[in-house]
Amino acid sequence: KNSSGTLATMIDSVSDSFATCSPFLESTLLIAWLFDAEKCKEIVLKACKKVLRAPIDKDEYDWFKQYCFSSNIWMQKSAQSGKFMYEELLAIGDAMSSDIVANMDSIYEHLESHKQWDKVMAIKNESVISRQDDKAVGL
């Protein structure tokens, strides 16, 4: 018989690991998911948003790749949304990239409206070396 206190401790352990980008046991995460899937979903996706926001911290991203991305948690389905966790992760990526794309588009639109934009576009490509494995580069 499972003790609800033990299961709550497992969720707390998972929460602490995700909040601090610390290693965790996959089995602990999956058992915690069975106990309270929505709480685990919230913990995991909050950590993903933190790790994947700009600027990306290398150590946090390495933790994400090693422990989170390789987890089976992404194949779990949320009862509330009806989506798989990998779909939730993709939605986070789409939302973050749409902000970047919108910013880049606004920069480009601003540049196009500049009075000397035609002069910039008239600059010819003057590549001396077109490949990075060219002998002149030294590779």
# chains A, B, ... in the order shown; residues from 1 in each chain; ligands from 1
call {"tool": "residues_around", "arguments": {"residues": "stretch 39-45 of chain A", "least_positions_apart": "6", "cutoff": "12 Å", "atoms": "only C-alpha atoms", "output": "PyMOL selection string"}}
result
chain A and resi 7-8+10-21+24+28-33+51-52+64+67-69+71+73-81+83-93
call {"tool": "write_last_selection", "arguments": {"atoms": "N, CA and C atoms", "output": "short mmCIF file (atom, residue, chain, number, x, y, z; two decimals), in the first residue's frame"}}
result
data_model
loop_
_atom_site.label_atom_id
_atom_site.label_comp_id
_atom_site.auth_asym_id
_atom_site.auth_seq_id
_atom_site.Cartn_x
_atom_site.Cartn_y
_atom_site.Cartn_z
N LEU A 7 4.43 9.65 -1.30
CA LEU A 7 4.20 10.17 -2.65
C LEU A 7 4.32 11.69 -2.68
N ALA A 8 3.83 12.36 -1.66
CA ALA A 8 3.97 13.82 -1.59
C ALA A 8 5.43 14.21 -1.48
N MET A 10 7.87 12.50 -2.75
CA MET A 10 8.43 12.29 -4.09
C MET A 10 8.15 13.50 -4.99
N ILE A 11 6.95 14.03 -4.91
CA ILE A 11 6.61 15.22 -5.71
C ILE A 11 7.47 16.40 -5.27
N ASP A 12 7.66 16.55 -3.96
CA ASP A 12 8.52 17.63 -3.46
C ASP A 12 9.95 17.46 -3.96
N SER A 13 10.42 16.21 -3.98
CA SER A 13 11.77 15.93 -4.47
C SER A 13 11.91 16.28 -5.95
N VAL A 14 10.92 15.89 -6.73
CA VAL A 14 10.91 16.22 -8.16
C VAL A 14 10.87 17.74 -8.34
N SER A 15 10.03 18.39 -7.57
CA SER A 15 9.90 19.85 -7.66
C SER A 15 11.22 20.54 -7.35
N ASP A 16 11.88 20.09 -6.27
CA ASP A 16 13.18 20.66 -5.90
C ASP A 16 14.23 20.44 -6.99
N SER A 17 14.24 19.24 -7.57
CA SER A 17 15.20 18.93 -8.64
C SER A 17 14.99 19.82 -9.85
N PHE A 18 13.74 20.01 -10.24
CA PHE A 18 13.45 20.82 -11.41
C PHE A 18 13.68 22.30 -11.13
N ALA A 19 13.42 22.74 -9.91
CA ALA A 19 13.61 24.15 -9.57
C ALA A 19 15.08 24.53 -9.55
N THR A 20 15.94 23.57 -9.20
CA THR A 20 17.38 23.85 -9.09
C THR A 20 18.20 23.22 -10.21
N CYS A 21 17.53 22.63 -11.18
CA CYS A 21 18.21 21.94 -12.30
C CYS A 21 19.19 20.90 -11.78
N PHE A 24 17.68 13.92 -11.14
CA PHE A 24 16.55 13.23 -10.52
C PHE A 24 16.43 11.84 -11.12
N THR A 28 11.27 8.16 -10.09
CA THR A 28 10.62 9.05 -9.12
C THR A 28 9.67 10.00 -9.85
N LEU A 29 10.12 10.55 -10.96
CA LEU A 29 9.28 11.46 -11.75
C LEU A 29 8.02 10.75 -12.25
N LEU A 30 8.18 9.55 -12.77
CA LEU A 30 7.04 8.82 -13.32
C LEU A 30 6.05 8.37 -12.23
N ILE A 31 6.57 8.00 -11.07
CA ILE A 31 5.67 7.65 -9.96
C ILE A 31 4.93 8.89 -9.48
N ALA A 32 5.65 10.01 -9.40
CA ALA A 32 5.02 11.27 -9.01
C ALA A 32 3.93 11.65 -10.02
N TRP A 33 4.19 11.39 -11.30
CA TRP A 33 3.20 11.67 -12.35
C TRP A 33 1.92 10.85 -12.11
N VAL A 51 14.58 27.10 -18.43
CA VAL A 51 15.82 26.67 -19.08
C VAL A 51 15.92 27.19 -20.51
N LEU A 52 14.80 27.23 -21.21
CA LEU A 52 14.82 27.59 -22.63
C LEU A 52 14.66 29.08 -22.91
N PHE A 64 19.02 19.93 -18.83
CA PHE A 64 17.78 19.66 -19.56
C PHE A 64 17.97 18.52 -20.56
N TYR A 67 18.76 15.04 -18.46
CA TYR A 67 17.75 14.48 -17.57
C TYR A 67 16.32 14.64 -18.08
N CYS A 68 16.00 15.78 -18.62
CA CYS A 68 14.60 16.05 -18.99
C CYS A 68 14.26 15.56 -20.39
N PHE A 69 15.04 15.99 -21.36
CA PHE A 69 14.71 15.72 -22.74
C PHE A 69 14.68 14.23 -23.03
N SER A 71 13.77 11.95 -20.97
CA SER A 71 12.79 11.30 -20.09
C SER A 71 11.59 10.77 -20.87
N ILE A 73 8.71 11.07 -19.72
CA ILE A 73 7.60 11.93 -19.30
C ILE A 73 6.91 12.56 -20.51
N TRP A 74 7.65 12.75 -21.58
CA TRP A 74 7.10 13.43 -22.77
C TRP A 74 6.06 12.58 -23.49
N MET A 75 6.01 11.28 -23.17
CA MET A 75 5.01 10.39 -23.77
C MET A 75 3.76 10.28 -22.92
N GLN A 76 3.74 10.98 -21.80
CA GLN A 76 2.57 10.97 -20.93
C GLN A 76 1.53 11.97 -21.44
N LYS A 77 0.28 11.64 -21.25
CA LYS A 77 -0.81 12.50 -21.72
C LYS A 77 -1.43 13.21 -20.53
N SER A 78 -1.65 14.50 -20.69
CA SER A 78 -2.30 15.30 -19.66
C SER A 78 -3.80 15.08 -19.71
N ALA A 79 -4.38 14.72 -18.57
CA ALA A 79 -5.83 14.51 -18.51
C ALA A 79 -6.58 15.82 -18.72
N GLN A 80 -6.00 16.91 -18.23
CA GLN A 80 -6.66 18.20 -18.31
C GLN A 80 -6.71 18.74 -19.74
N SER A 81 -5.57 18.75 -20.42
CA SER A 81 -5.52 19.33 -21.77
C SER A 81 -5.74 18.28 -22.86
N LYS A 83 -3.42 16.66 -24.19
CA LYS A 83 -2.21 16.67 -25.03
C LYS A 83 -1.11 15.85 -24.38
N PHE A 84 -0.23 15.31 -25.23
CA PHE A 84 0.97 14.67 -24.73
C PHE A 84 1.93 15.75 -24.25
N MET A 85 2.79 15.37 -23.33
CA MET A 85 3.74 16.35 -22.79
C MET A 85 4.68 16.88 -23.88
N TYR A 86 5.04 16.05 -24.85
CA TYR A 86 5.91 16.56 -25.92
C TYR A 86 5.21 17.66 -26.71
N GLU A 87 3.89 17.59 -26.83
CA GLU A 87 3.15 18.66 -27.51
C GLU A 87 3.19 19.95 -26.70
N GLU A 88 3.16 19.81 -25.39
CA GLU A 88 3.28 20.98 -24.51
C GLU A 88 4.66 21.61 -24.65
N LEU A 89 5.70 20.77 -24.74
CA LEU A 89 7.07 21.27 -24.92
C LEU A 89 7.21 21.98 -26.27
N LEU A 90 6.63 21.40 -27.31
CA LEU A 90 6.68 22.04 -28.63
C LEU A 90 5.96 23.39 -28.62
N ALA A 91 4.87 23.47 -27.87
CA ALA A 91 4.13 24.74 -27.77
C ALA A 91 4.99 25.81 -27.08
N ILE A 92 5.77 25.40 -26.08
CA ILE A 92 6.68 26.35 -25.42
C ILE A 92 7.72 26.84 -26.43
N GLY A 93 8.29 25.91 -27.19
CA GLY A 93 9.27 26.29 -28.21
C GLY A 93 8.69 27.22 -29.26
#
call {"tool": "select_by_dssp", "arguments": {"residues": "chain A", "states": "alpha helix (DSSP H)", "output": "ChimeraX atom specification"}}
result
/A:4-20,26-35,37-52,58-63,85-113,117-121
call {"tool": "atom_distance", "arguments": {"atom1": "atom CA of A:Met96", "atom2": "atom CA of A:Arg53"}}
result
7.4 Å
call {"tool": "atom_distance", "arguments": {"atom1": "atom CA of A:Trp117", "atom2": "atom CA of A:Met104"}}
result
16.3 Å
call {"tool": "closest_residue", "arguments": {"among": "A:Ser70, A:Ala54, A:Cys48, A:His110", "to": "A:Glu26", "atoms": "only C-alpha atoms"}}
result
A:Ser70
